[in-house]
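What follows is a set of notes on a single structure, which appears directly below.
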Amino acid sequence: VSDVKRHRSWRVIQKRRGTRERRDTISAAENARTESGRKEMGEDHMRAVALCIYGATGFTGARVAEYVVTAHPELSVLLVGRDEAKLAELAARLRQTARRENGPGSASAATQVAEAGDHDALVAAFGRCRVVLNCAGPYRYTGLLVAAAAVDAGTHYLDLCGEPEFFDRVLLQLDARARERGVLVASACAFDCVPAELTAALVLGKRSAQ
């Protein structure tokens, strides 16, 4: 009986030790990936531009850009799109708006041309910025290309998407890559996703009350 007890105790100790070792190994791997991502993308504050607005000349992108330059003049902004002339026109209009709202010393938004299908151009543009906000939909057509370029540039990615299929595709294809680079990828940062969020919160609240 004594031998059986000792054997059981030994097995319990070995099991606990193995669990701790696996936990330590996983933690070390996660820390290594995070540190690797930091080294590859550099410190955020070293990047010249705070925010890149991709699809800036579209209806939504232009409205977002106007809000940012007037409400947050402290942020440096890069407008990115596929049409150089439209980008220049938007930048000039925003410059006038910013100076009217915030004074003559307001900073101007920079511009850079990059199409969704040109991965290298996107990475070059996004690599100047800390965060990219993708305003170009429908996301099921070009969104994954833009998100992938942001991850490869080591730039945090946000979008205004409300397309569940796109969420799944990003998760399946970019999750591991983004984690390795230490990059945040977040969709649905817009009003059309608010009703679903509020409904879920309401249901959860009622279930908790019951």
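Scheme for the structure tokens: letters A, B, ... for chains in order shown; per-chain residue numbers from 1; ligand numbers from 1 in order shown.
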
Checklist entry - Skipping near chain neighbours, those fewer than 3 positions away, what residues fall within 8 Å of A:Ala56 using only C-alpha atoms, listed as a ChimeraX atom specification? => result /A:53,60-62,64-65,79-81,87,135-136

Within 7 Å of A:Leu51, counting only C-alpha atoms, which residues qualify if same-chain residues fewer than 4 places away don't, as a PDB file with N, CA and C atoms, in the first residue's frame?
```
ATOM      1  N   SER A  76      -0.704  63.728 -36.718  1.00  0.00           N
ATOM      2  CA  SER A  76      -0.214  63.796 -38.093  1.00  0.00           C
ATOM      3  C   SER A  76      -0.951  62.739 -38.915  1.00  0.00           C
ATOM      4  N   VAL A  77      -1.322  63.107 -40.152  1.00  0.00           N
ATOM      5  CA  VAL A  77      -2.193  62.262 -40.965  1.00  0.00           C
ATOM      6  C   VAL A  77      -1.596  62.050 -42.343  1.00  0.00           C
ATOM      7  N   LEU A  78      -1.691  60.805 -42.832  1.00  0.00           N
ATOM      8  CA  LEU A  78      -1.306  60.475 -44.194  1.00  0.00           C
ATOM      9  C   LEU A  78      -2.541  59.976 -44.931  1.00  0.00           C
ATOM     10  N   CYS A 129       3.557  54.899 -40.748  1.00  0.00           N
ATOM     11  CA  CYS A 129       2.482  55.246 -39.812  1.00  0.00           C
ATOM     12  C   CYS A 129       2.387  54.279 -38.636  1.00  0.00           C
ATOM     13  N   ARG A 130       1.785  54.751 -37.571  1.00  0.00           N
ATOM     14  CA  ARG A 130       1.560  53.907 -36.401  1.00  0.00           C
ATOM     15  C   ARG A 130       0.278  53.091 -36.529  1.00  0.00           C
ATOM     16  N   VAL A 131      -0.753  53.706 -37.128  1.00  0.00           N
ATOM     17  CA  VAL A 131      -2.060  53.051 -37.277  1.00  0.00           C
ATOM     18  C   VAL A 131      -2.590  53.345 -38.676  1.00  0.00           C
ATOM     19  N   VAL A 132      -3.212  52.332 -39.299  1.00  0.00           N
ATOM     20  CA  VAL A 132      -3.911  52.553 -40.554  1.00  0.00           C
ATOM     21  C   VAL A 132      -5.392  52.277 -40.342  1.00  0.00           C
TER      22      VAL A 132
END
```

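Close contacts of A:Arg169, defined as residues with an atom at most 10 Å away when counting only C-alpha atoms, with chain neighbours fewer than 4 positions off set aside, comprise Arg140, Gly143, Leu144, Pro164, Glu165, Gln173, Leu174 and Asp175 of chain A.
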
How would the residues just picked look written out with N, CA, C and O atoms as a PDB file, in the first residue's frame?
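And here is the file that came out, part28.pdb:
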```pdb
ATOM      1  N   ARG A 140     -14.839  42.810 -48.710  1.00  0.00           N
ATOM      2  CA  ARG A 140     -14.648  41.440 -49.216  1.00  0.00           C
ATOM      3  C   ARG A 140     -13.842  41.423 -50.513  1.00  0.00           C
ATOM      4  O   ARG A 140     -13.318  40.369 -50.900  1.00  0.00           O
ATOM      5  N   GLY A 143     -10.246  44.346 -48.888  1.00  0.00           N
ATOM      6  CA  GLY A 143      -9.887  44.540 -47.485  1.00  0.00           C
ATOM      7  C   GLY A 143      -8.760  43.659 -47.007  1.00  0.00           C
ATOM      8  O   GLY A 143      -7.884  44.091 -46.244  1.00  0.00           O
ATOM      9  N   LEU A 144      -8.744  42.402 -47.448  1.00  0.00           N
ATOM     10  CA  LEU A 144      -7.712  41.484 -46.983  1.00  0.00           C
ATOM     11  C   LEU A 144      -6.335  41.898 -47.477  1.00  0.00           C
ATOM     12  O   LEU A 144      -5.331  41.747 -46.766  1.00  0.00           O
ATOM     13  N   PRO A 164     -19.478  40.128 -41.842  1.00  0.00           N
ATOM     14  CA  PRO A 164     -19.007  38.986 -41.039  1.00  0.00           C
ATOM     15  C   PRO A 164     -18.059  38.057 -41.798  1.00  0.00           C
ATOM     16  O   PRO A 164     -17.128  37.505 -41.207  1.00  0.00           O
ATOM     17  N   GLU A 165     -18.304  37.858 -43.091  1.00  0.00           N
ATOM     18  CA  GLU A 165     -17.426  36.983 -43.863  1.00  0.00           C
ATOM     19  C   GLU A 165     -15.987  37.499 -43.855  1.00  0.00           C
ATOM     20  O   GLU A 165     -15.033  36.720 -43.745  1.00  0.00           O
ATOM     21  N   GLN A 173      -6.663  34.004 -41.927  1.00  0.00           N
ATOM     22  CA  GLN A 173      -5.473  34.196 -42.741  1.00  0.00           C
ATOM     23  C   GLN A 173      -4.405  35.094 -42.110  1.00  0.00           C
ATOM     24  O   GLN A 173      -3.230  35.001 -42.476  1.00  0.00           O
ATOM     25  N   LEU A 174      -4.796  35.947 -41.174  1.00  0.00           N
ATOM     26  CA  LEU A 174      -3.833  36.927 -40.670  1.00  0.00           C
ATOM     27  C   LEU A 174      -3.564  36.853 -39.172  1.00  0.00           C
ATOM     28  O   LEU A 174      -2.652  37.521 -38.682  1.00  0.00           O
ATOM     29  N   ASP A 175      -4.336  36.077 -38.449  1.00  0.00           N
ATOM     30  CA  ASP A 175      -4.206  36.079 -36.987  1.00  0.00           C
ATOM     31  C   ASP A 175      -2.792  35.703 -36.535  1.00  0.00           C
ATOM     32  O   ASP A 175      -2.165  36.417 -35.747  1.00  0.00           O
TER      33      ASP A 175
END
```

Next on the checklist: Taking the DSSP secondary structure from the backbone, can you list the residues of stretch 76-148 of chain A that are helix (DSSP H, G or I), as a PyMOL selection string?
Outcome noted: chain A and resi 84-102+119-126+139-148

Keeping only C-alpha atoms, take the residues you just selected and write them out as a PDB file, in the first residue's frame.
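Result saved to result-v7.pdb:
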```
ATOM      1  CA  GLU A  84      -3.129  61.276 -57.034  1.00  0.00           C
ATOM      2  CA  ALA A  85      -5.251  64.185 -58.273  1.00  0.00           C
ATOM      3  CA  LYS A  86      -8.120  63.410 -55.909  1.00  0.00           C
ATOM      4  CA  LEU A  87      -5.692  63.044 -53.005  1.00  0.00           C
ATOM      5  CA  ALA A  88      -4.167  66.454 -53.744  1.00  0.00           C
ATOM      6  CA  GLU A  89      -7.621  68.023 -54.002  1.00  0.00           C
ATOM      7  CA  LEU A  90      -8.696  66.489 -50.689  1.00  0.00           C
ATOM      8  CA  ALA A  91      -5.494  67.582 -48.952  1.00  0.00           C
ATOM      9  CA  ALA A  92      -5.993  71.177 -50.152  1.00  0.00           C
ATOM     10  CA  ARG A  93      -9.581  71.197 -48.954  1.00  0.00           C
ATOM     11  CA  LEU A  94      -8.620  69.774 -45.568  1.00  0.00           C
ATOM     12  CA  ARG A  95      -5.844  72.336 -45.216  1.00  0.00           C
ATOM     13  CA  GLN A  96      -8.359  75.150 -45.667  1.00  0.00           C
ATOM     14  CA  THR A  97     -10.798  73.533 -43.242  1.00  0.00           C
ATOM     15  CA  ALA A  98      -8.131  72.960 -40.593  1.00  0.00           C
ATOM     16  CA  ARG A  99      -6.868  76.531 -40.805  1.00  0.00           C
ATOM     17  CA  ARG A 100     -10.380  77.897 -40.578  1.00  0.00           C
ATOM     18  CA  GLU A 101     -11.193  75.752 -37.535  1.00  0.00           C
ATOM     19  CA  ASN A 102      -7.843  75.704 -35.727  1.00  0.00           C
ATOM     20  CA  HIS A 119       1.414  45.235 -51.929  1.00  0.00           C
ATOM     21  CA  ASP A 120       4.821  46.925 -51.946  1.00  0.00           C
ATOM     22  CA  ALA A 121       3.303  50.402 -52.321  1.00  0.00           C
ATOM     23  CA  LEU A 122       0.896  49.736 -49.457  1.00  0.00           C
ATOM     24  CA  VAL A 123       3.661  48.457 -47.180  1.00  0.00           C
ATOM     25  CA  ALA A 124       5.786  51.519 -48.005  1.00  0.00           C
ATOM     26  CA  ALA A 125       2.913  53.867 -47.151  1.00  0.00           C
ATOM     27  CA  PHE A 126       1.775  52.040 -44.029  1.00  0.00           C
ATOM     28  CA  TYR A 139     -14.031  44.885 -47.753  1.00  0.00           C
ATOM     29  CA  ARG A 140     -14.648  41.440 -49.216  1.00  0.00           C
ATOM     30  CA  TYR A 141     -12.975  42.627 -52.437  1.00  0.00           C
ATOM     31  CA  THR A 142      -9.850  44.484 -51.289  1.00  0.00           C
ATOM     32  CA  GLY A 143      -9.887  44.540 -47.485  1.00  0.00           C
ATOM     33  CA  LEU A 144      -7.712  41.484 -46.983  1.00  0.00           C
ATOM     34  CA  LEU A 145      -5.002  42.929 -49.241  1.00  0.00           C
ATOM     35  CA  VAL A 146      -4.925  46.132 -47.196  1.00  0.00           C
ATOM     36  CA  ALA A 147      -4.960  44.327 -43.850  1.00  0.00           C
ATOM     37  CA  ALA A 148      -2.157  41.990 -44.952  1.00  0.00           C
TER      38      ALA A 148
END
```

Checklist outcome for this item: A straight line from atom CA of A:His72 to atom CA of A:Gly137 spans 24.4 Å
